[in-house]
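Participant: Questions regarding the structure given below will be posed in turn.
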Amino acid sequence: MSGTLGKPITCRAAVAWGHNQPLTIETVEVAPPKAHEIRIKLVSASICHTDAHKVWREQPAEQFPLVLGHEGAGIVESVSEGVTAFKAGDHVIPCFQPQCRDCKVCSDNDSNLCLKRDKTNWACLQRDGTSRITLKDGRSCRQMIACSTFSEYTVVPEIQLTKIDEKAPLDKVCLIGCGVPTGYGAAVNVAKVKPGSSCAVWGMGGIGLAVVMGCKANGATKIIGVDINSAKKEKAMQLGCTHFVNPTEHTKPVQEVISDMTDGVLCDYTFECIGNVNIMTTALQCARRGGGMSVIIGVPEAGKTAAVPPLDLISGRLWTGCYLGGYKSLDGIKLLVDDFMQGKIQIDPLITHTITLDEINNGFDLLREGKCIRTVIKY
């Protein structure tokens, strides 16, 4: 790696070009890191719905070309001026959510939305408003939430990177960059699911299944998985669901189905992991009156709003949301990697497919068709 220090690195990356267009594998140049940035060699990455939504949902034209990917794991190639916590050879996971450990929010135990999270993240640029990845013709490629893990090399800000146990398998713990903490933390940190409680989870994808694992870890005794794809039932039951409901297989609303399953009480906790505003309302209505909590996790399309009758809240239901499962990002990632290494959480069952970078469009097809949980790319 010393031969590349301070020099651009030529490598391959999957580039998105626009709405519903396939990704193409391009030769790109990854610049050396600027102050307080780190360049890493990716070993693995996984495909998340958030990556897919960047091409499935209409985006501003200026967002492209774009190197997607925000779940990944790799090895530090080089560090820049001002970086003291990392060195070449460290095993690391990038995170889309910063943790500067200095701002008011980072000093607050009850919040995890670091104030260094700004408009450049969502514009898919580095903190100085530029990118470190360019195409062969010199055009700049935007970087997905300053991460771009669908590239053999990438540059990330120091405040978006955490060092992990070198024994951790990078082709598994890459999921801990987003999906696992987002779901698991929603149950254990945000809802704080209590032993003996009842839960319902909408969406048995990677995040929903991580919610299920969190509910089970906290001692819930009734966990209802809800999904219109019955092929998800086996995995849901394997990871902790005690019941499974496919709404399309019932003639009455799912609220009534769940009411019947809970003797009319409804659930202590419900979780929406899809990003559908109508289902957000449904999940709220499946939380019991007088203290039932519903947690929004899924990200809806821009401009969509959820309508709810005020009596659903006046009756004592609690409606909240969470980001990255309430974890302070870098601390939470390291904690979950350590938990995985100690056998406290499972990751292997979430990985249903492994592909190469050249097969990345196949990975997106699997996601669109509901045939996978998480697909891992190995470099």
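Convention: chains lettered A, B, ... in structure tokens order; per-chain residue numbering from 1; ligands numbered from 1 as shown.
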Segment 268-273 of chain A: which residues within 6 Å, counting only C-alpha atoms, same-chain residues fewer than 4 positions away excluded, as number ranges by chain?
Facilitator: A: 198-203, 208, 280, 283, 287-288, 292-298
Participant: Kindly save the residues from that selection, with N, CA and C atoms included, as a PDB file, in the first residue's frame.
Facilitator:
ATOM      1  N   SER A 198     -45.592  -8.111  23.436  1.00  0.00           N
ATOM      2  CA  SER A 198     -46.001  -8.523  22.092  1.00  0.00           C
ATOM      3  C   SER A 198     -45.565  -7.460  21.087  1.00  0.00           C
ATOM      4  N   CYS A 199     -45.095  -7.920  19.910  1.00  0.00           N
ATOM      5  CA  CYS A 199     -44.566  -7.014  18.898  1.00  0.00           C
ATOM      6  C   CYS A 199     -45.077  -7.429  17.520  1.00  0.00           C
ATOM      7  N   ALA A 200     -45.211  -6.478  16.616  1.00  0.00           N
ATOM      8  CA  ALA A 200     -45.503  -6.760  15.220  1.00  0.00           C
ATOM      9  C   ALA A 200     -44.545  -5.938  14.367  1.00  0.00           C
ATOM     10  N   VAL A 201     -43.989  -6.574  13.334  1.00  0.00           N
ATOM     11  CA  VAL A 201     -42.957  -5.944  12.501  1.00  0.00           C
ATOM     12  C   VAL A 201     -43.392  -6.047  11.042  1.00  0.00           C
ATOM     13  N   TRP A 202     -43.536  -4.905  10.370  1.00  0.00           N
ATOM     14  CA  TRP A 202     -43.902  -4.887   8.952  1.00  0.00           C
ATOM     15  C   TRP A 202     -42.644  -4.835   8.089  1.00  0.00           C
ATOM     16  N   GLY A 203     -42.490  -5.829   7.204  1.00  0.00           N
ATOM     17  CA  GLY A 203     -41.354  -5.884   6.293  1.00  0.00           C
ATOM     18  C   GLY A 203     -40.287  -6.824   6.795  1.00  0.00           C
ATOM     19  N   GLY A 208     -36.132  -5.363   8.900  1.00  0.00           N
ATOM     20  CA  GLY A 208     -37.215  -5.949   9.683  1.00  0.00           C
ATOM     21  C   GLY A 208     -36.783  -7.169  10.460  1.00  0.00           C
ATOM     22  N   MET A 280     -47.478   2.831   7.744  1.00  0.00           N
ATOM     23  CA  MET A 280     -47.112   3.505   9.001  1.00  0.00           C
ATOM     24  C   MET A 280     -48.347   3.743   9.858  1.00  0.00           C
ATOM     25  N   ALA A 283     -49.588   0.355  11.169  1.00  0.00           N
ATOM     26  CA  ALA A 283     -48.767  -0.122  12.290  1.00  0.00           C
ATOM     27  C   ALA A 283     -49.118   0.614  13.569  1.00  0.00           C
ATOM     28  N   ALA A 287     -50.870  -0.874  17.439  1.00  0.00           N
ATOM     29  CA  ALA A 287     -50.319  -0.721  18.793  1.00  0.00           C
ATOM     30  C   ALA A 287     -51.491  -0.547  19.761  1.00  0.00           C
ATOM     31  N   ARG A 288     -51.382  -1.120  20.927  1.00  0.00           N
ATOM     32  CA  ARG A 288     -52.494  -1.082  21.880  1.00  0.00           C
ATOM     33  C   ARG A 288     -52.738   0.342  22.393  1.00  0.00           C
ATOM     34  N   GLY A 292     -49.202   1.675  24.014  1.00  0.00           N
ATOM     35  CA  GLY A 292     -48.556   0.961  22.920  1.00  0.00           C
ATOM     36  C   GLY A 292     -47.692   1.905  22.105  1.00  0.00           C
ATOM     37  N   MET A 293     -46.568   1.412  21.619  1.00  0.00           N
ATOM     38  CA  MET A 293     -45.646   2.265  20.870  1.00  0.00           C
ATOM     39  C   MET A 293     -45.465   1.740  19.451  1.00  0.00           C
ATOM     40  N   SER A 294     -45.480   2.656  18.490  1.00  0.00           N
ATOM     41  CA  SER A 294     -45.197   2.312  17.099  1.00  0.00           C
ATOM     42  C   SER A 294     -43.985   3.106  16.628  1.00  0.00           C
ATOM     43  N   VAL A 295     -43.023   2.410  16.018  1.00  0.00           N
ATOM     44  CA  VAL A 295     -41.764   3.025  15.604  1.00  0.00           C
ATOM     45  C   VAL A 295     -41.665   3.006  14.077  1.00  0.00           C
ATOM     46  N   ILE A 296     -41.459   4.176  13.500  1.00  0.00           N
ATOM     47  CA  ILE A 296     -41.253   4.297  12.055  1.00  0.00           C
ATOM     48  C   ILE A 296     -39.761   4.164  11.762  1.00  0.00           C
ATOM     49  N   ILE A 297     -39.419   3.231  10.893  1.00  0.00           N
ATOM     50  CA  ILE A 297     -38.028   3.013  10.501  1.00  0.00           C
ATOM     51  C   ILE A 297     -37.844   3.243   9.001  1.00  0.00           C
ATOM     52  N   GLY A 298     -38.819   2.770   8.191  1.00  0.00           N
ATOM     53  CA  GLY A 298     -38.719   2.887   6.742  1.00  0.00           C
ATOM     54  C   GLY A 298     -38.744   4.337   6.281  1.00  0.00           C
TER      55      GLY A 298
END
Participant: Which of segment 33-158 of chain A counts as strand (DSSP E or B) under DSSP, as a PyMOL selection string please?
Facilitator: chain A and resi 37-46+66-67+71-79+91-94+133-135+140-143+151+153-157
Participant: Please write the residues from the selection above to a file, keeping N, CA and C atoms, as a tab-separated table (two decimals), in the first residue's frame.
Facilitator:
chain	number	residue	atom	x	y	z
A	37	GLU	N	-9.61	12.87	6.32
A	37	GLU	CA	-10.24	11.82	5.53
A	37	GLU	C	-9.34	10.59	5.48
A	38	ILE	N	-9.94	9.46	5.09
A	38	ILE	CA	-9.23	8.19	5.07
A	38	ILE	C	-9.59	7.45	3.79
A	39	ARG	N	-8.58	6.91	3.13
A	39	ARG	CA	-8.84	6.09	1.94
A	39	ARG	C	-8.77	4.63	2.33
A	40	ILE	N	-9.79	3.87	1.92
A	40	ILE	CA	-9.85	2.46	2.30
A	40	ILE	C	-10.00	1.57	1.07
A	41	LYS	N	-9.49	0.36	1.20
A	41	LYS	CA	-9.68	-0.69	0.19
A	41	LYS	C	-10.84	-1.54	0.67
A	42	LEU	N	-11.93	-1.57	-0.10
A	42	LEU	CA	-13.10	-2.36	0.28
A	42	LEU	C	-12.81	-3.85	0.09
A	43	VAL	N	-13.23	-4.64	1.05
A	43	VAL	CA	-13.17	-6.09	0.96
A	43	VAL	C	-14.54	-6.66	0.62
A	44	SER	N	-15.58	-6.00	1.12
A	44	SER	CA	-16.95	-6.45	0.87
A	44	SER	C	-17.90	-5.28	1.02
A	45	ALA	N	-19.08	-5.45	0.44
A	45	ALA	CA	-20.16	-4.47	0.58
A	45	ALA	C	-21.47	-5.23	0.47
A	46	SER	N	-22.55	-4.63	0.95
A	46	SER	CA	-23.86	-5.26	0.80
A	46	SER	C	-24.84	-4.24	0.24
A	66	LEU	N	-23.19	8.57	-10.12
A	66	LEU	CA	-23.11	8.34	-8.68
A	66	LEU	C	-22.58	6.95	-8.40
A	67	VAL	N	-21.62	6.85	-7.50
A	67	VAL	CA	-21.16	5.54	-7.02
A	67	VAL	C	-21.94	5.23	-5.75
A	71	GLU	N	-23.15	0.29	2.85
A	71	GLU	CA	-22.82	-0.81	3.76
A	71	GLU	C	-21.56	-1.48	3.22
A	72	GLY	N	-20.48	-1.44	3.97
A	72	GLY	CA	-19.24	-2.04	3.49
A	72	GLY	C	-18.25	-2.23	4.62
A	73	ALA	N	-17.18	-2.92	4.31
A	73	ALA	CA	-16.10	-3.14	5.27
A	73	ALA	C	-14.80	-3.28	4.49
A	74	GLY	N	-13.71	-2.79	5.06
A	74	GLY	CA	-12.45	-2.85	4.35
A	74	GLY	C	-11.25	-2.57	5.23
A	75	ILE	N	-10.16	-2.20	4.59
A	75	ILE	CA	-8.88	-2.01	5.26
A	75	ILE	C	-8.33	-0.64	4.88
A	76	VAL	N	-7.85	0.09	5.86
A	76	VAL	CA	-7.30	1.42	5.61
A	76	VAL	C	-6.07	1.31	4.70
A	77	GLU	N	-6.11	2.08	3.61
A	77	GLU	CA	-4.95	2.16	2.70
A	77	GLU	C	-4.05	3.32	3.09
A	78	SER	N	-4.64	4.46	3.41
A	78	SER	CA	-3.84	5.62	3.82
A	78	SER	C	-4.71	6.61	4.58
A	79	VAL	N	-4.06	7.42	5.40
A	79	VAL	CA	-4.75	8.46	6.16
A	79	VAL	C	-4.17	9.81	5.77
A	91	HIS	N	-8.67	-2.49	10.18
A	91	HIS	CA	-9.93	-2.99	9.63
A	91	HIS	C	-11.05	-2.05	10.07
A	92	VAL	N	-11.87	-1.64	9.11
A	92	VAL	CA	-12.82	-0.56	9.39
A	92	VAL	C	-14.17	-0.80	8.71
A	93	ILE	N	-15.18	-0.10	9.24
A	93	ILE	CA	-16.51	-0.04	8.62
A	93	ILE	C	-16.90	1.43	8.49
A	94	PRO	N	-17.26	1.88	7.28
A	94	PRO	CA	-17.77	3.25	7.14
A	94	PRO	C	-19.22	3.32	7.60
A	133	ILE	N	-13.93	10.69	-6.27
A	133	ILE	CA	-13.99	9.68	-7.32
A	133	ILE	C	-14.30	10.34	-8.65
A	134	THR	N	-13.49	10.05	-9.66
A	134	THR	CA	-13.71	10.60	-11.00
A	134	THR	C	-13.65	9.49	-12.04
A	135	LEU	N	-14.36	9.70	-13.14
A	135	LEU	CA	-14.33	8.78	-14.27
A	135	LEU	C	-13.09	9.02	-15.11
A	140	SER	N	-16.64	14.09	-12.45
A	140	SER	CA	-16.72	13.72	-11.04
A	140	SER	C	-17.91	12.80	-10.81
A	141	CYS	N	-17.73	11.77	-9.98
A	141	CYS	CA	-18.82	10.89	-9.56
A	141	CYS	C	-19.21	11.25	-8.14
A	142	ARG	N	-20.47	11.47	-7.91
A	142	ARG	CA	-20.90	11.70	-6.53
A	142	ARG	C	-20.72	10.43	-5.71
A	143	GLN	N	-20.60	10.61	-4.40
A	143	GLN	CA	-20.33	9.50	-3.47
A	143	GLN	C	-21.52	9.32	-2.54
A	151	SER	N	-17.28	0.50	-4.77
A	151	SER	CA	-16.02	0.81	-5.45
A	151	SER	C	-14.91	0.04	-4.74
A	153	TYR	N	-11.99	0.95	-4.09
A	153	TYR	CA	-11.39	1.89	-3.12
A	153	TYR	C	-12.35	3.06	-2.96
A	154	THR	N	-12.33	3.67	-1.79
A	154	THR	CA	-13.13	4.86	-1.57
A	154	THR	C	-12.46	5.73	-0.51
A	155	VAL	N	-12.95	6.95	-0.38
A	155	VAL	CA	-12.47	7.89	0.64
A	155	VAL	C	-13.67	8.30	1.49
A	156	VAL	N	-13.50	8.26	2.82
A	156	VAL	CA	-14.58	8.65	3.72
A	156	VAL	C	-14.04	9.61	4.78
A	157	PRO	N	-14.90	10.47	5.32
A	157	PRO	CA	-14.47	11.36	6.40
A	157	PRO	C	-14.13	10.56	7.66
Participant: Nearest to Glu58 of chain A among A:Phe364, A:Trp17, A:Tyr379, A:Phe86, with distances taken over only C-alpha atoms: which residue is it?
Facilitator: A:Trp17
Participant: If I take atom CA of Ile355 of chain A and atom CA of Ile176 of chain A, how far is one from the other in Å, to one decimal?
Facilitator: 18.4 Å
Participant: I'd like the neighbourhood of Gly179 of chain A as a PDB file with C-alpha atoms, in the first residue's frame, where a residue qualifies if any of its atoms comes within 8 Å (using only C-alpha atoms), though same-chain residues fewer than 2 positions away should be ignored.
Facilitator:
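Done, and the output landed in around-v9.pdb:
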ATOM      1  CA  CYS A  48     -29.441  -1.993   0.924  1.00  0.00           C
ATOM      2  CA  GLU A  71     -22.819  -0.811   3.760  1.00  0.00           C
ATOM      3  CA  LEU A 175     -24.089  -5.415   7.213  1.00  0.00           C
ATOM      4  CA  ILE A 176     -23.421  -3.649  10.506  1.00  0.00           C
ATOM      5  CA  GLY A 177     -22.795  -0.419   8.601  1.00  0.00           C
ATOM      6  CA  PRO A 181     -28.087  -1.397  13.802  1.00  0.00           C
ATOM      7  CA  THR A 182     -31.076   0.306  12.150  1.00  0.00           C
ATOM      8  CA  GLY A 183     -33.380  -2.614  12.912  1.00  0.00           C
ATOM      9  CA  GLY A 206     -32.816  -7.144   6.371  1.00  0.00           C
ATOM     10  CA  ILE A 207     -33.943  -4.311   8.641  1.00  0.00           C
ATOM     11  CA  ALA A 210     -32.937  -7.230  12.599  1.00  0.00           C
TER      12      ALA A 210
END
Participant: Can you tell me which residues surround segment 211-224 of chain A at a distance of at most 8 Å, considering only C-alpha atoms, apart from same-chain residues fewer than 2 positions away, and format the answer as a ChimeraX atom specification?
Facilitator: /A:183-188,192-201,207-209,226,236,239-245,271,345
Participant: Any idea what's packed within 7 Å of Gly316 of chain A, counting only C-alpha atoms, ignoring anything in its chain fewer than 4 positions away? Could you give it as a ChimeraX atom specification?
Facilitator: /A:289-291
Participant: Skipping near chain neighbours, those fewer than 3 positions away, what residues fall within 12 Å of Lys167 of chain A using only C-alpha atoms, listed as a list in words?
Facilitator: Asp90, His91, Val92, Lys163, Ile164, Leu170, Asp171, Lys172, Val173, Val337, Asp338, Phe340, Met341 and Gln342 of chain A
Participant: Would you put the residues from that selection into a file with N, CA and C atoms, as a JSON list (two decimals), in the first residue's frame?
Facilitator:
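Listed below is the output, out-v8.json:
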[["chain", "number", "residue", "atom", "x", "y", "z"],
["A", 90, "ASP", "N", -5.59, -0.90, 9.35],
["A", 90, "ASP", "CA", -6.72, -1.06, 10.26],
["A", 90, "ASP", "C", -7.92, -1.62, 9.51],
["A", 91, "HIS", "N", -8.67, -2.49, 10.18],
["A", 91, "HIS", "CA", -9.93, -2.99, 9.63],
["A", 91, "HIS", "C", -11.05, -2.05, 10.07],
["A", 92, "VAL", "N", -11.87, -1.64, 9.11],
["A", 92, "VAL", "CA", -12.82, -0.56, 9.39],
["A", 92, "VAL", "C", -14.17, -0.80, 8.71],
["A", 163, "LYS", "N", -13.03, 1.79, 13.65],
["A", 163, "LYS", "CA", -12.09, 0.66, 13.63],
["A", 163, "LYS", "C", -12.71, -0.51, 14.36],
["A", 164, "ILE", "N", -12.54, -1.71, 13.80],
["A", 164, "ILE", "CA", -13.18, -2.90, 14.38],
["A", 164, "ILE", "C", -12.14, -3.99, 14.63],
["A", 170, "LEU", "N", -15.01, -9.64, 7.37],
["A", 170, "LEU", "CA", -15.48, -8.42, 6.74],
["A", 170, "LEU", "C", -16.65, -8.67, 5.79],
["A", 171, "ASP", "N", -16.75, -9.89, 5.26],
["A", 171, "ASP", "CA", -17.86, -10.20, 4.36],
["A", 171, "ASP", "C", -19.17, -10.45, 5.10],
["A", 172, "LYS", "N", -19.14, -10.39, 6.39],
["A", 172, "LYS", "CA", -20.36, -10.51, 7.21],
["A", 172, "LYS", "C", -20.66, -9.20, 7.93],
["A", 173, "VAL", "N", -19.66, -8.65, 8.61],
["A", 173, "VAL", "CA", -19.92, -7.46, 9.42],
["A", 173, "VAL", "C", -20.16, -6.21, 8.58],
["A", 337, "VAL", "N", -20.32, -5.14, 16.31],
["A", 337, "VAL", "CA", -19.30, -6.07, 15.82],
["A", 337, "VAL", "C", -18.79, -6.93, 16.97],
["A", 338, "ASP", "N", -18.55, -6.31, 18.11],
["A", 338, "ASP", "CA", -18.11, -7.07, 19.29],
["A", 338, "ASP", "C", -19.19, -8.07, 19.72],
["A", 340, "PHE", "N", -21.40, -9.47, 17.78],
["A", 340, "PHE", "CA", -21.39, -10.55, 16.79],
["A", 340, "PHE", "C", -20.25, -11.53, 17.07],
["A", 341, "MET", "N", -19.09, -11.01, 17.38],
["A", 341, "MET", "CA", -17.93, -11.87, 17.65],
["A", 341, "MET", "C", -18.13, -12.72, 18.90],
["A", 342, "GLN", "N", -18.96, -12.22, 19.82],
["A", 342, "GLN", "CA", -19.26, -12.97, 21.05],
["A", 342, "GLN", "C", -20.50, -13.86, 20.91]]
Participant: From the options A:Ile360, A:Leu311, A:Ile333, A:Cys322, which residue's atoms come nearest to Ala191 of chain A, counting only C-alpha atoms?
Facilitator: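 Of all the options, A:Cys322 lies closest to Ala191 of chain A.
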Participant: May I ask for the distance between atom CA of Cys106 of chain A and atom CA of Tyr327 of chain A, given in Å to one decimal place?
Facilitator: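 Going from atom CA of Cys106 of chain A over to atom CA of Tyr327 of chain A covers 10.8 Å.
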Participant: So how far away is atom CA of Pro65 of chain A from atom CA of Gly18 of chain A, in Å?
Facilitator: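 So the answer is 7.3 Å.
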Participant: If we count only C-alpha atoms and set the cut-off at 10 Å, which residues sit around Ile9 of chain A, ignoring sequence neighbours fewer than 3 positions away in its own chain? Please answer as number ranges by chain.
Facilitator: A: 4-6, 12, 28-32, 39, 133, 152-154
Participant: How would the residues just picked look written out with N, CA and C atoms as a PDB file, in the first residue's frame?
Facilitator:
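As a result, part_30.pdb now contains:
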ATOM      1  N   THR A   4       1.109   3.498  -3.115  1.00  0.00           N
ATOM      2  CA  THR A   4      -0.018   4.340  -3.533  1.00  0.00           C
ATOM      3  C   THR A   4      -0.181   5.569  -2.651  1.00  0.00           C
ATOM      4  N   LEU A   5       0.598   5.676  -1.608  1.00  0.00           N
ATOM      5  CA  LEU A   5       0.454   6.770  -0.647  1.00  0.00           C
ATOM      6  C   LEU A   5       0.558   8.124  -1.347  1.00  0.00           C
ATOM      7  N   GLY A   6      -0.468   8.949  -1.157  1.00  0.00           N
ATOM      8  CA  GLY A   6      -0.456  10.288  -1.720  1.00  0.00           C
ATOM      9  C   GLY A   6      -0.728  10.353  -3.214  1.00  0.00           C
ATOM     10  N   ARG A  12     -11.983  -0.178 -10.050  1.00  0.00           N
ATOM     11  CA  ARG A  12     -13.289  -0.373 -10.654  1.00  0.00           C
ATOM     12  C   ARG A  12     -14.388   0.008  -9.669  1.00  0.00           C
ATOM     13  N   VAL A  28     -12.401   3.935 -12.543  1.00  0.00           N
ATOM     14  CA  VAL A  28     -12.440   5.247 -11.908  1.00  0.00           C
ATOM     15  C   VAL A  28     -11.099   5.544 -11.250  1.00  0.00           C
ATOM     16  N   GLU A  29     -10.924   6.792 -10.901  1.00  0.00           N
ATOM     17  CA  GLU A  29      -9.726   7.226 -10.170  1.00  0.00           C
ATOM     18  C   GLU A  29     -10.162   7.744  -8.811  1.00  0.00           C
ATOM     19  N   VAL A  30      -9.571   7.186  -7.760  1.00  0.00           N
ATOM     20  CA  VAL A  30      -9.891   7.591  -6.394  1.00  0.00           C
ATOM     21  C   VAL A  30      -8.730   8.430  -5.867  1.00  0.00           C
ATOM     22  N   ALA A  31      -9.002   9.689  -5.596  1.00  0.00           N
ATOM     23  CA  ALA A  31      -7.965  10.635  -5.177  1.00  0.00           C
ATOM     24  C   ALA A  31      -7.459  10.317  -3.775  1.00  0.00           C
ATOM     25  N   PRO A  32      -6.272  10.807  -3.427  1.00  0.00           N
ATOM     26  CA  PRO A  32      -5.804  10.675  -2.041  1.00  0.00           C
ATOM     27  C   PRO A  32      -6.739  11.410  -1.099  1.00  0.00           C
ATOM     28  N   ARG A  39      -8.581   6.907   3.126  1.00  0.00           N
ATOM     29  CA  ARG A  39      -8.842   6.093   1.942  1.00  0.00           C
ATOM     30  C   ARG A  39      -8.772   4.625   2.332  1.00  0.00           C
ATOM     31  N   ILE A 133     -13.934  10.692  -6.269  1.00  0.00           N
ATOM     32  CA  ILE A 133     -13.990   9.677  -7.318  1.00  0.00           C
ATOM     33  C   ILE A 133     -14.301  10.338  -8.654  1.00  0.00           C
ATOM     34  N   GLU A 152     -13.918  -0.394  -5.493  1.00  0.00           N
ATOM     35  CA  GLU A 152     -12.838  -1.180  -4.871  1.00  0.00           C
ATOM     36  C   GLU A 152     -12.043  -0.350  -3.869  1.00  0.00           C
ATOM     37  N   TYR A 153     -11.990   0.951  -4.086  1.00  0.00           N
ATOM     38  CA  TYR A 153     -11.392   1.892  -3.122  1.00  0.00           C
ATOM     39  C   TYR A 153     -12.354   3.056  -2.958  1.00  0.00           C
ATOM     40  N   THR A 154     -12.334   3.670  -1.786  1.00  0.00           N
ATOM     41  CA  THR A 154     -13.131   4.862  -1.567  1.00  0.00           C
ATOM     42  C   THR A 154     -12.463   5.731  -0.506  1.00  0.00           C
TER      43      THR A 154
END
Participant: Pick out each residue of segment 178-304 of chain A that DSSP on the backbone tags as alpha helix (DSSP H); I need them as a PyMOL selection string.
Facilitator: chain A and resi 179-185+206-217+233-239+254-261+277-285
Participant: Point out the residue among A:Arg132, A:His70, A:Lys34, A:Lys232 with the least atom-to-atom distance to Thr50 of chain A, counting only C-alpha atoms.
Facilitator: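 Ranking A:Arg132, A:His70, A:Lys34, A:Lys232 by distance to Thr50 of chain A, first place goes to A:His70.
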